[in-house]
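Trainee: CSV, C-alpha atoms, saved as work.csv, coming up:
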```csv
chain,number,residue,atom,x,y,z
A,1,MET,CA,-49.4,-66.9,-37.7
A,2,ALA,CA,-46.1,-66.0,-39.3
A,3,LEU,CA,-47.3,-62.4,-39.8
A,4,ASN,CA,-48.5,-62.1,-36.2
A,5,MET,CA,-45.1,-63.4,-35.0
A,6,ARG,CA,-43.3,-60.8,-37.1
A,7,LYS,CA,-45.5,-58.1,-35.6
A,8,ASP,CA,-44.8,-59.3,-32.1
A,9,LEU,CA,-41.1,-59.4,-32.8
A,10,LEU,CA,-41.2,-55.9,-34.2
A,11,THR,CA,-43.2,-54.6,-31.2
A,12,PHE,CA,-40.7,-56.3,-28.8
A,13,ALA,CA,-37.8,-54.7,-30.7
A,14,LEU,CA,-39.3,-51.2,-30.6
A,15,LEU,CA,-40.0,-51.6,-26.9
A,16,GLY,CA,-36.3,-52.6,-26.4
A,17,ILE,CA,-35.1,-49.5,-28.3
A,18,PHE,CA,-37.4,-47.3,-26.2
A,19,ALA,CA,-36.2,-48.8,-23.0
A,20,LEU,CA,-32.5,-48.3,-24.0
A,21,ALA,CA,-33.4,-44.7,-24.8
A,22,ILE,CA,-34.8,-43.8,-21.4
A,23,ILE,CA,-32.5,-45.8,-19.2
A,24,PRO,CA,-29.5,-43.4,-19.4
A,25,GLN,CA,-31.7,-40.4,-18.3
A,26,ASN,CA,-33.3,-42.3,-15.4
A,27,ALA,CA,-29.9,-43.6,-14.4
A,28,MET,CA,-28.5,-40.1,-14.4
A,29,SER,CA,-31.4,-38.8,-12.3
A,30,GLN,CA,-31.0,-41.6,-9.8
A,31,ASN,CA,-27.2,-41.0,-9.7
A,32,VAL,CA,-27.7,-37.3,-8.8
A,33,ALA,CA,-30.3,-38.2,-6.1
A,34,SER,CA,-27.9,-40.7,-4.6
A,35,ILE,CA,-25.2,-38.1,-4.3
A,36,VAL,CA,-27.3,-35.2,-3.1
A,37,THR,CA,-28.7,-36.9,-0.1
A,38,ALA,CA,-31.0,-35.2,2.4
A,39,GLU,CA,-28.1,-35.2,4.8
A,40,PHE,CA,-25.9,-33.3,2.4
A,41,PHE,CA,-28.5,-30.8,1.3
A,42,ASP,CA,-29.7,-30.1,4.9
A,43,GLY,CA,-26.0,-29.9,6.0
A,44,ILE,CA,-25.8,-26.8,3.8
A,45,LYS,CA,-29.2,-25.3,4.7
A,46,ASN,CA,-28.8,-25.9,8.4
A,47,GLN,CA,-26.0,-23.4,8.5
A,48,ALA,CA,-28.3,-20.6,7.5
A,49,ASP,CA,-30.1,-18.5,10.2
A,50,ALA,CA,-33.7,-19.6,11.0
A,51,SER,CA,-35.0,-16.3,9.8
A,52,CYS,CA,-33.7,-16.8,6.2
A,53,ALA,CA,-36.2,-16.9,3.5
A,54,GLY,CA,-34.4,-19.8,1.8
A,55,LYS,CA,-34.8,-22.1,4.8
A,56,SER,CA,-38.3,-23.0,3.7
A,57,PHE,CA,-38.0,-22.1,0.1
A,58,TYR,CA,-35.1,-24.3,-1.1
A,59,THR,CA,-35.7,-28.0,-0.7
A,60,ARG,CA,-33.9,-31.2,-1.8
A,61,ASP,CA,-37.0,-32.4,-3.5
A,62,GLY,CA,-37.2,-29.2,-5.4
A,63,PHE,CA,-33.6,-29.6,-6.6
A,64,ILE,CA,-34.1,-33.3,-7.6
A,65,SER,CA,-37.2,-32.4,-9.5
A,66,ALA,CA,-35.4,-29.7,-11.4
A,67,ALA,CA,-32.4,-32.0,-12.0
A,68,ASN,CA,-34.8,-34.4,-13.7
A,69,SER,CA,-35.3,-31.8,-16.4
A,70,PHE,CA,-31.6,-31.6,-17.1
A,71,PRO,CA,-30.4,-35.2,-17.5
A,72,GLN,CA,-26.9,-34.2,-18.7
A,73,PHE,CA,-26.2,-32.5,-15.3
A,74,GLY,CA,-23.9,-34.7,-13.3
A,75,SER,CA,-23.3,-37.0,-16.3
A,76,GLY,CA,-20.0,-38.7,-17.1
A,77,THR,CA,-18.0,-41.0,-14.9
A,78,ALA,CA,-18.8,-41.4,-11.2
A,79,ASP,CA,-15.9,-39.0,-10.3
A,80,GLU,CA,-17.0,-36.4,-13.0
A,81,SER,CA,-20.5,-36.5,-11.7
A,82,LYS,CA,-19.5,-35.9,-8.1
A,83,ARG,CA,-17.2,-33.1,-9.1
A,84,GLU,CA,-19.9,-31.3,-11.1
A,85,ILE,CA,-22.4,-31.6,-8.3
A,86,ALA,CA,-19.8,-30.4,-5.8
A,87,ALA,CA,-19.0,-27.4,-8.0
A,88,PHE,CA,-22.7,-26.5,-8.5
A,89,PHE,CA,-23.4,-26.6,-4.8
A,90,ALA,CA,-20.2,-24.7,-4.0
A,91,HIS,CA,-21.4,-21.8,-6.1
A,92,VAL,CA,-25.0,-22.1,-4.7
A,93,THR,CA,-23.6,-22.0,-1.2
A,94,HIS,CA,-21.5,-18.9,-1.9
A,95,GLU,CA,-24.2,-17.1,-3.8
A,96,THR,CA,-27.0,-17.7,-1.3
A,97,GLY,CA,-25.2,-17.8,2.0
A,98,HIS,CA,-25.9,-21.5,2.6
A,99,LEU,CA,-29.3,-21.4,0.9
A,100,CYS,CA,-30.4,-18.4,3.0
A,101,TYR,CA,-31.1,-15.8,0.3
A,102,THR,CA,-33.6,-16.1,-2.4
A,103,GLU,CA,-32.8,-12.7,-4.0
A,104,GLU,CA,-29.9,-10.2,-4.0
A,105,ILE,CA,-29.5,-8.0,-0.9
A,106,ASP,CA,-28.6,-4.9,-2.9
A,107,LYS,CA,-31.5,-4.3,-5.3
A,108,SER,CA,-30.4,-0.9,-6.6
A,109,ASN,CA,-28.9,-2.3,-9.9
A,110,ALA,CA,-31.6,-3.1,-12.5
A,111,TYR,CA,-29.1,-5.2,-14.5
A,112,CYS,CA,-30.8,-4.0,-17.7
A,113,ASP,CA,-28.7,-4.3,-20.9
A,114,GLN,CA,-30.6,-1.9,-23.2
A,115,SER,CA,-28.5,-2.9,-26.2
A,116,ASN,CA,-30.1,-6.4,-26.1
A,117,THR,CA,-33.1,-6.2,-28.4
A,118,GLU,CA,-34.0,-9.9,-28.3
A,119,TYR,CA,-34.9,-9.7,-24.6
A,120,PRO,CA,-35.7,-6.0,-24.0
A,121,CYS,CA,-36.1,-4.8,-20.4
A,122,VAL,CA,-39.7,-4.2,-19.2
A,123,ALA,CA,-40.3,-0.9,-17.6
A,124,GLY,CA,-40.4,-1.1,-13.8
A,125,LYS,CA,-38.7,-4.5,-13.7
A,126,LYS,CA,-35.3,-5.2,-12.2
A,127,TYR,CA,-33.2,-8.2,-13.2
A,128,TYR,CA,-31.0,-8.4,-10.1
A,129,GLY,CA,-29.8,-11.7,-8.6
A,130,ARG,CA,-32.4,-14.3,-7.7
A,131,GLY,CA,-32.5,-18.0,-7.0
A,132,PRO,CA,-29.7,-20.5,-6.1
A,133,LEU,CA,-27.2,-19.0,-8.6
A,134,GLN,CA,-28.5,-15.5,-8.4
A,135,ILE,CA,-29.3,-15.2,-12.1
A,136,THR,CA,-28.9,-11.6,-13.3
A,137,TRP,CA,-29.5,-9.5,-16.5
A,138,ASN,CA,-32.5,-9.2,-18.7
A,139,TYR,CA,-31.1,-11.4,-21.4
A,140,ASN,CA,-30.6,-14.2,-19.0
A,141,TYR,CA,-34.1,-13.9,-17.5
A,142,GLY,CA,-35.6,-13.8,-21.0
A,143,ALA,CA,-33.7,-16.8,-22.3
A,144,CYS,CA,-34.2,-18.7,-19.1
A,145,GLY,CA,-37.9,-18.0,-19.0
A,146,LYS,CA,-38.3,-19.2,-22.6
A,147,ALA,CA,-36.4,-22.4,-21.9
A,148,VAL,CA,-37.9,-23.2,-18.5
A,149,GLY,CA,-41.4,-22.0,-19.0
A,150,PHE,CA,-42.1,-18.6,-17.3
A,151,ASP,CA,-42.2,-15.0,-18.3
A,152,GLY,CA,-38.7,-14.0,-17.4
A,153,LEU,CA,-38.9,-10.4,-18.6
A,154,ASN,CA,-42.3,-9.5,-17.2
A,155,ALA,CA,-42.1,-11.6,-14.1
A,156,PRO,CA,-38.4,-12.1,-13.1
A,157,GLU,CA,-39.5,-12.4,-9.5
A,158,THR,CA,-40.8,-15.8,-10.3
A,159,VAL,CA,-37.3,-17.2,-9.8
A,160,SER,CA,-37.4,-16.1,-6.1
A,161,ASN,CA,-41.2,-16.8,-5.6
A,162,ASP,CA,-41.8,-20.1,-7.2
A,163,PRO,CA,-39.8,-23.1,-5.8
A,164,ALA,CA,-40.5,-25.2,-8.9
A,165,VAL,CA,-38.9,-22.6,-11.1
A,166,SER,CA,-36.0,-21.5,-8.9
A,167,PHE,CA,-33.7,-24.5,-9.1
A,168,LYS,CA,-34.7,-25.0,-12.8
A,169,ALA,CA,-33.5,-21.5,-13.5
A,170,ALA,CA,-30.2,-22.2,-11.7
A,171,LEU,CA,-29.6,-25.5,-13.6
A,172,TRP,CA,-30.6,-23.8,-16.9
A,173,PHE,CA,-27.9,-21.2,-16.3
A,174,TRP,CA,-25.4,-23.9,-15.3
A,175,MET,CA,-26.0,-26.2,-18.3
A,176,THR,CA,-26.0,-23.2,-20.7
A,177,ASN,CA,-22.9,-21.5,-19.4
A,178,VAL,CA,-20.9,-23.7,-17.0
A,179,HIS,CA,-21.3,-27.4,-17.7
A,180,SER,CA,-19.1,-27.4,-20.7
A,181,VAL,CA,-16.0,-26.2,-18.8
A,182,MET,CA,-16.1,-28.7,-16.0
A,183,ASN,CA,-13.3,-30.6,-17.7
A,184,GLN,CA,-11.1,-27.5,-17.3
A,185,GLY,CA,-11.2,-27.5,-13.5
A,186,PHE,CA,-13.2,-25.7,-10.8
A,187,GLY,CA,-11.4,-22.4,-11.6
A,188,ALA,CA,-13.1,-22.3,-15.0
A,189,THR,CA,-16.5,-22.5,-13.4
A,190,ILE,CA,-15.7,-19.4,-11.2
A,191,GLN,CA,-14.8,-17.6,-14.4
A,192,LYS,CA,-18.2,-18.4,-15.9
A,193,ILE,CA,-20.1,-17.5,-12.7
A,194,ASN,CA,-18.4,-14.2,-11.7
A,195,GLY,CA,-15.0,-14.2,-13.2
A,196,ALA,CA,-15.1,-10.5,-14.4
A,197,LEU,CA,-15.5,-9.3,-10.8
A,198,GLU,CA,-13.5,-11.9,-8.8
A,199,CYS,CA,-10.8,-13.6,-10.9
A,200,GLY,CA,-7.3,-12.4,-11.7
A,201,GLY,CA,-6.7,-11.2,-8.2
A,202,LYS,CA,-9.7,-8.9,-8.0
A,203,GLN,CA,-11.4,-10.5,-5.0
A,204,PRO,CA,-9.3,-13.4,-3.8
A,205,ASP,CA,-11.3,-13.9,-0.6
A,206,LYS,CA,-14.4,-14.7,-2.6
A,207,VAL,CA,-12.5,-17.0,-4.9
A,208,ASN,CA,-11.0,-18.8,-2.0
A,209,ALA,CA,-14.4,-19.1,-0.3
A,210,ARG,CA,-15.8,-20.8,-3.4
A,211,ILE,CA,-12.8,-23.2,-3.6
A,212,GLY,CA,-13.2,-24.0,0.1
A,213,TYR,CA,-16.8,-25.0,-0.4
A,214,TYR,CA,-15.9,-27.1,-3.5
A,215,THR,CA,-13.1,-29.0,-1.8
A,216,ASP,CA,-15.3,-29.6,1.2
A,217,TYR,CA,-18.1,-31.1,-0.9
A,218,CYS,CA,-15.6,-33.2,-2.9
A,219,LYS,CA,-14.3,-34.6,0.4
A,220,GLN,CA,-17.9,-35.4,1.5
A,221,PHE,CA,-18.4,-37.2,-1.9
A,222,GLY,CA,-15.1,-39.0,-1.6
A,223,VAL,CA,-13.7,-37.6,-4.9
A,224,ASP,CA,-10.5,-35.8,-5.7
A,225,PRO,CA,-11.2,-32.2,-6.5
A,226,GLY,CA,-8.8,-32.2,-9.5
A,227,GLN,CA,-6.5,-29.5,-10.8
A,228,ASN,CA,-6.9,-25.8,-11.7
A,229,GLN,CA,-9.2,-24.9,-8.9
A,230,SER,CA,-8.5,-21.2,-8.8
A,231,CYS,CA,-8.8,-18.4,-11.4
```
Before we go any further, please render this structure as C-alpha cells.

Mentor:
Amino acid sequence: MALNMRKDLLTFALLGIFALAIIPQNAMSQNVASIVTAEFFDGIKNQADASCAGKSFYTRDGFISAANSFPQFGSGTADESKREIAAFFAHVTHETGHLCYTEEIDKSNAYCDQSNTEYPCVAGKKYYGRGPLQITWNYNYGACGKAVGFDGLNAPETVSNDPAVSFKAALWFWMTNVHSVMNQGFGATIQKINGALECGGKQPDKVNARIGYYTDYCKQFGVDPGQNQSC
C-alpha cells in the first residue's frame, strides 16, 4: 500500500509540473485573443475595398491560430502585451493597406541575394513581398519555410496562397527580428521592418503613417504608446 501511495504521489506531482508548464502558454494565447477581438480585426479589414484579395484571405481565426504557435508573442505585462500587438498590427495595416494586399503590387524585383548560399534562389522564383508583413528576400523565405513548415525557396507563393501559413510567416519574421526591440519603443520596430528605406528622414510620410496606426491601436487597447515612437 505504501508503495502504491508513493507512486500516486509521484504521478500527482508530475501532473502538477506538467500543468504548470503549459499554463503560461495557454494564458498567453488567451491574452492575445482577448486583445485582438473580432471587432478590432474587422475594424482594420473593413477599411479595405471589397475587391481586395485580403478581404477573404486574412481572418482573425487565422491570426489566432498562428499566434498559438508563437507563445512569446504578446508576452510580458498587460501593457507590454498590448503595445506589442498594437505595433504588429500597425505594421500589418501599413504593409497590406488595411489587410487588402496579399502580395506586393510591384513584382519586378526578384529580391534574390545571390551571395546567400544557405538559401539559394530558385530559377524562375521571385521573393517579393507577401503576407501580412510582406516578407521579402530568398534568405527570409528559406529560413521561414524551414521554421514554419513549407518550401520557402521553391514555393514562396505559399505565403500569399495559404491562409494557414501567411500569418505564421509574419509572426515568424516578427519574433525573429522585431520582438526583441519592443522595449526600445515603436521606432525601433520601424527600423527592423523597413528602416533602411524609411528612417533617418528618408520617407517621413510612411514613418508617420506607421506611428499613426500604432497610436490609434494603443488608444483602442487603452495603453500608453510609450516613448521613442519615431526613427

Trainee: Could you tell me which of A:Cys144, A:Cys231, A:Asp42, A:Ser180 comes closest to A:Ala196 if we count only C-alpha atoms?

Mentor: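 Of all the options, A:Cys231 lies closest to A:Ala196.
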
Trainee: Give me, as a tab-separated table, the closest atom pair and its distance (Å, one decimal) for every residue of stretch 99-201 of chain A within a cut-off of 10 Å of stretch 80-95 of chain A, counting all atoms listed in the file, rows sorted by chain and rising number.

Mentor:
```
residue	atom	partner	partner_atom	distance
A:Leu99	CA	A:Thr93	CA	6.1
A:Cys100	CA	A:Thr93	CA	8.8
A:Tyr101	CA	A:Glu95	CA	8.1
A:Thr102	CA	A:Glu95	CA	9.6
A:Glu103	CA	A:Glu95	CA	9.7
A:Glu104	CA	A:Glu95	CA	9.0
A:Gly129	CA	A:Glu95	CA	9.1
A:Arg130	CA	A:Glu95	CA	9.5
A:Gly131	CA	A:Val92	CA	8.9
A:Pro132	CA	A:Val92	CA	5.2
A:Leu133	CA	A:Val92	CA	5.4
A:Gln134	CA	A:Glu95	CA	6.5
A:Ile135	CA	A:Glu95	CA	9.9
A:Ala170	CA	A:Val92	CA	8.7
A:Leu171	CA	A:Phe88	CA	8.6
A:Trp174	CA	A:Phe88	CA	7.8
A:Val178	CA	A:Phe88	CA	9.1
A:His179	CA	A:Glu84	CA	7.8
A:Met182	CA	A:Glu84	CA	6.7
A:Asn183	CA	A:Glu80	CA	8.3
A:Gly185	CA	A:Arg83	CA	9.3
A:Phe186	CA	A:Ala87	CA	6.7
A:Gly187	CA	A:Ala87	CA	9.8
A:Thr189	CA	A:Ala87	CA	7.7
A:Ile190	CA	A:His91	CA	8.0
A:Ile193	CA	A:His91	CA	8.0
A:Asn194	CA	A:His91	CA	9.9
```

Trainee: Please save C-alpha atoms of the selected residues as a PDB file, in the coordinates of the input.

Mentor:
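The new file out.pdb reads:
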```pdb
ATOM      1  CA  LEU A  99     -29.300 -21.400   0.900  1.00  0.00           C
ATOM      2  CA  CYS A 100     -30.400 -18.400   3.000  1.00  0.00           C
ATOM      3  CA  TYR A 101     -31.100 -15.800   0.300  1.00  0.00           C
ATOM      4  CA  THR A 102     -33.600 -16.100  -2.400  1.00  0.00           C
ATOM      5  CA  GLU A 103     -32.800 -12.700  -4.000  1.00  0.00           C
ATOM      6  CA  GLU A 104     -29.900 -10.200  -4.000  1.00  0.00           C
ATOM      7  CA  GLY A 129     -29.800 -11.700  -8.600  1.00  0.00           C
ATOM      8  CA  ARG A 130     -32.400 -14.300  -7.700  1.00  0.00           C
ATOM      9  CA  GLY A 131     -32.500 -18.000  -7.000  1.00  0.00           C
ATOM     10  CA  PRO A 132     -29.700 -20.500  -6.100  1.00  0.00           C
ATOM     11  CA  LEU A 133     -27.200 -19.000  -8.600  1.00  0.00           C
ATOM     12  CA  GLN A 134     -28.500 -15.500  -8.400  1.00  0.00           C
ATOM     13  CA  ILE A 135     -29.300 -15.200 -12.100  1.00  0.00           C
ATOM     14  CA  ALA A 170     -30.200 -22.200 -11.700  1.00  0.00           C
ATOM     15  CA  LEU A 171     -29.600 -25.500 -13.600  1.00  0.00           C
ATOM     16  CA  TRP A 174     -25.400 -23.900 -15.300  1.00  0.00           C
ATOM     17  CA  VAL A 178     -20.900 -23.700 -17.000  1.00  0.00           C
ATOM     18  CA  HIS A 179     -21.300 -27.400 -17.700  1.00  0.00           C
ATOM     19  CA  MET A 182     -16.100 -28.700 -16.000  1.00  0.00           C
ATOM     20  CA  ASN A 183     -13.300 -30.600 -17.700  1.00  0.00           C
ATOM     21  CA  GLY A 185     -11.200 -27.500 -13.500  1.00  0.00           C
ATOM     22  CA  PHE A 186     -13.200 -25.700 -10.800  1.00  0.00           C
ATOM     23  CA  GLY A 187     -11.400 -22.400 -11.600  1.00  0.00           C
ATOM     24  CA  THR A 189     -16.500 -22.500 -13.400  1.00  0.00           C
ATOM     25  CA  ILE A 190     -15.700 -19.400 -11.200  1.00  0.00           C
ATOM     26  CA  ILE A 193     -20.100 -17.500 -12.700  1.00  0.00           C
ATOM     27  CA  ASN A 194     -18.400 -14.200 -11.700  1.00  0.00           C
TER      28      ASN A 194
END
```

Trainee: Measuring between all atoms listed in the file, which one of A:Gly43, A:Asn31, A:Asn161, A:Lys146 shows the shortest distance to A:Tyr217?

Mentor: A:Gly43

Trainee: Quick one: pull the distance between atom CA of A:Gln229 and atom CA of A:Asn208, Å, one decimal.

Mentor: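 Computing it gives 9.4 Å between the two atoms.
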
Trainee: What is the atom CA of A:Ala38-atom CA of A:Ile211 distance in Å, reported with one decimal?

Mentor: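 Answer for the atom CA of A:Ala38 to atom CA of A:Ile211 separation: 22.6 Å.
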
Trainee: State, in Å with one decimal place, the distance from atom CA of A:Ala164 to atom CA of A:Gly195.

Mentor: 28.1 Å

Trainee: Check the smallest atom-to-atom distance from each of A:Ser115, A:Gln47, A:Gln184, A:Ser230 to A:Gly201 using all atoms listed in the file, then report the winner.

Mentor: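 Looking only at the distances to A:Gly201, the closest residue turns out to be A:Ser230.
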
Trainee: Between A:Lys125, A:Trp172, A:Ala50, A:Cys112, single out the one closest to A:Gln72, counting all atoms listed in the file.

Mentor: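 Between A:Lys125, A:Trp172, A:Ala50, A:Cys112, the residue approaching A:Gln72 most closely is A:Trp172.
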
Trainee: When distances are computed from all atoms listed in the file, which of A:Tyr214, A:Thr96, A:Met175, A:Ala155 shows the smallest separation from A:Ser75?

Mentor: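 Once distances to A:Ser75 are computed over all atoms listed in the file, the minimum belongs to A:Met175.
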
Trainee: Compile the contact shell of A:Ile64 as a VMD selection string: residues with an atom at most 8 Å away, counting only C-alpha atoms, same-chain residues fewer than 4 positions apart removed.

Mentor: chain A and resid 29 32 to 33 60 68

Trainee: Taking all atoms listed in the file into account, name the residue in A:Tyr139, A:Glu198, A:Ala53, A:Asp61 that is nearest to A:Ile105.

Mentor: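 Result for the nearest residue to A:Ile105: A:Ala53.
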
Trainee: Quick one: stretch 129-140 of chain A with N, CA, C and O atoms, as an mmCIF file, in the coordinates of the input?

Mentor:
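So out-v8.cif came out as:
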```cif
data_model
loop_
_atom_site.group_PDB
_atom_site.id
_atom_site.type_symbol
_atom_site.label_atom_id
_atom_site.label_comp_id
_atom_site.auth_asym_id
_atom_site.auth_seq_id
_atom_site.Cartn_x
_atom_site.Cartn_y
_atom_site.Cartn_z
ATOM 1 N N GLY A 129 -30.003 -10.335 -8.957
ATOM 2 C CA GLY A 129 -29.800 -11.700 -8.600
ATOM 3 C C GLY A 129 -30.960 -12.387 -7.894
ATOM 4 O O GLY A 129 -31.439 -11.850 -6.898
ATOM 5 N N ARG A 130 -31.380 -13.537 -8.398
ATOM 6 C CA ARG A 130 -32.400 -14.300 -7.700
ATOM 7 C C ARG A 130 -32.129 -15.799 -7.879
ATOM 8 O O ARG A 130 -31.518 -16.227 -8.852
ATOM 9 N N GLY A 131 -32.613 -16.575 -6.907
ATOM 10 C CA GLY A 131 -32.500 -18.000 -7.000
ATOM 11 C C GLY A 131 -31.137 -18.564 -6.538
ATOM 12 O O GLY A 131 -30.271 -17.814 -6.094
ATOM 13 N N PRO A 132 -30.947 -19.869 -6.647
ATOM 14 C CA PRO A 132 -29.700 -20.500 -6.100
ATOM 15 C C PRO A 132 -28.423 -20.025 -6.714
ATOM 16 O O PRO A 132 -27.412 -20.027 -6.031
ATOM 17 N N LEU A 133 -28.432 -19.578 -7.980
ATOM 18 C CA LEU A 133 -27.200 -19.000 -8.600
ATOM 19 C C LEU A 133 -27.308 -17.534 -8.838
ATOM 20 O O LEU A 133 -26.467 -16.956 -9.519
ATOM 21 N N GLN A 134 -28.353 -16.918 -8.252
ATOM 22 C CA GLN A 134 -28.500 -15.500 -8.400
ATOM 23 C C GLN A 134 -28.421 -14.996 -9.820
ATOM 24 O O GLN A 134 -27.592 -14.155 -10.174
ATOM 25 N N ILE A 135 -29.268 -15.551 -10.669
ATOM 26 C CA ILE A 135 -29.300 -15.200 -12.100
ATOM 27 C C ILE A 135 -29.560 -13.704 -12.245
ATOM 28 O O ILE A 135 -30.403 -13.145 -11.550
ATOM 29 N N THR A 136 -28.812 -13.041 -13.125
ATOM 30 C CA THR A 136 -28.900 -11.600 -13.300
ATOM 31 C C THR A 136 -29.035 -11.282 -14.834
ATOM 32 O O THR A 136 -28.789 -12.136 -15.678
ATOM 33 N N TRP A 137 -29.403 -10.044 -15.135
ATOM 34 C CA TRP A 137 -29.500 -9.500 -16.500
ATOM 35 C C TRP A 137 -30.759 -9.904 -17.225
ATOM 36 O O TRP A 137 -31.181 -11.035 -17.152
ATOM 37 N N ASN A 138 -31.317 -8.956 -17.938
ATOM 38 C CA ASN A 138 -32.500 -9.200 -18.700
ATOM 39 C C ASN A 138 -32.397 -10.293 -19.735
ATOM 40 O O ASN A 138 -33.312 -11.108 -19.934
ATOM 41 N N TYR A 139 -31.244 -10.373 -20.389
ATOM 42 C CA TYR A 139 -31.100 -11.400 -21.400
ATOM 43 C C TYR A 139 -31.042 -12.804 -20.833
ATOM 44 O O TYR A 139 -31.488 -13.758 -21.483
ATOM 45 N N ASN A 140 -30.550 -12.942 -19.615
ATOM 46 C CA ASN A 140 -30.600 -14.200 -19.000
ATOM 47 C C ASN A 140 -31.999 -14.609 -18.519
ATOM 48 O O ASN A 140 -32.444 -15.750 -18.696
#
```
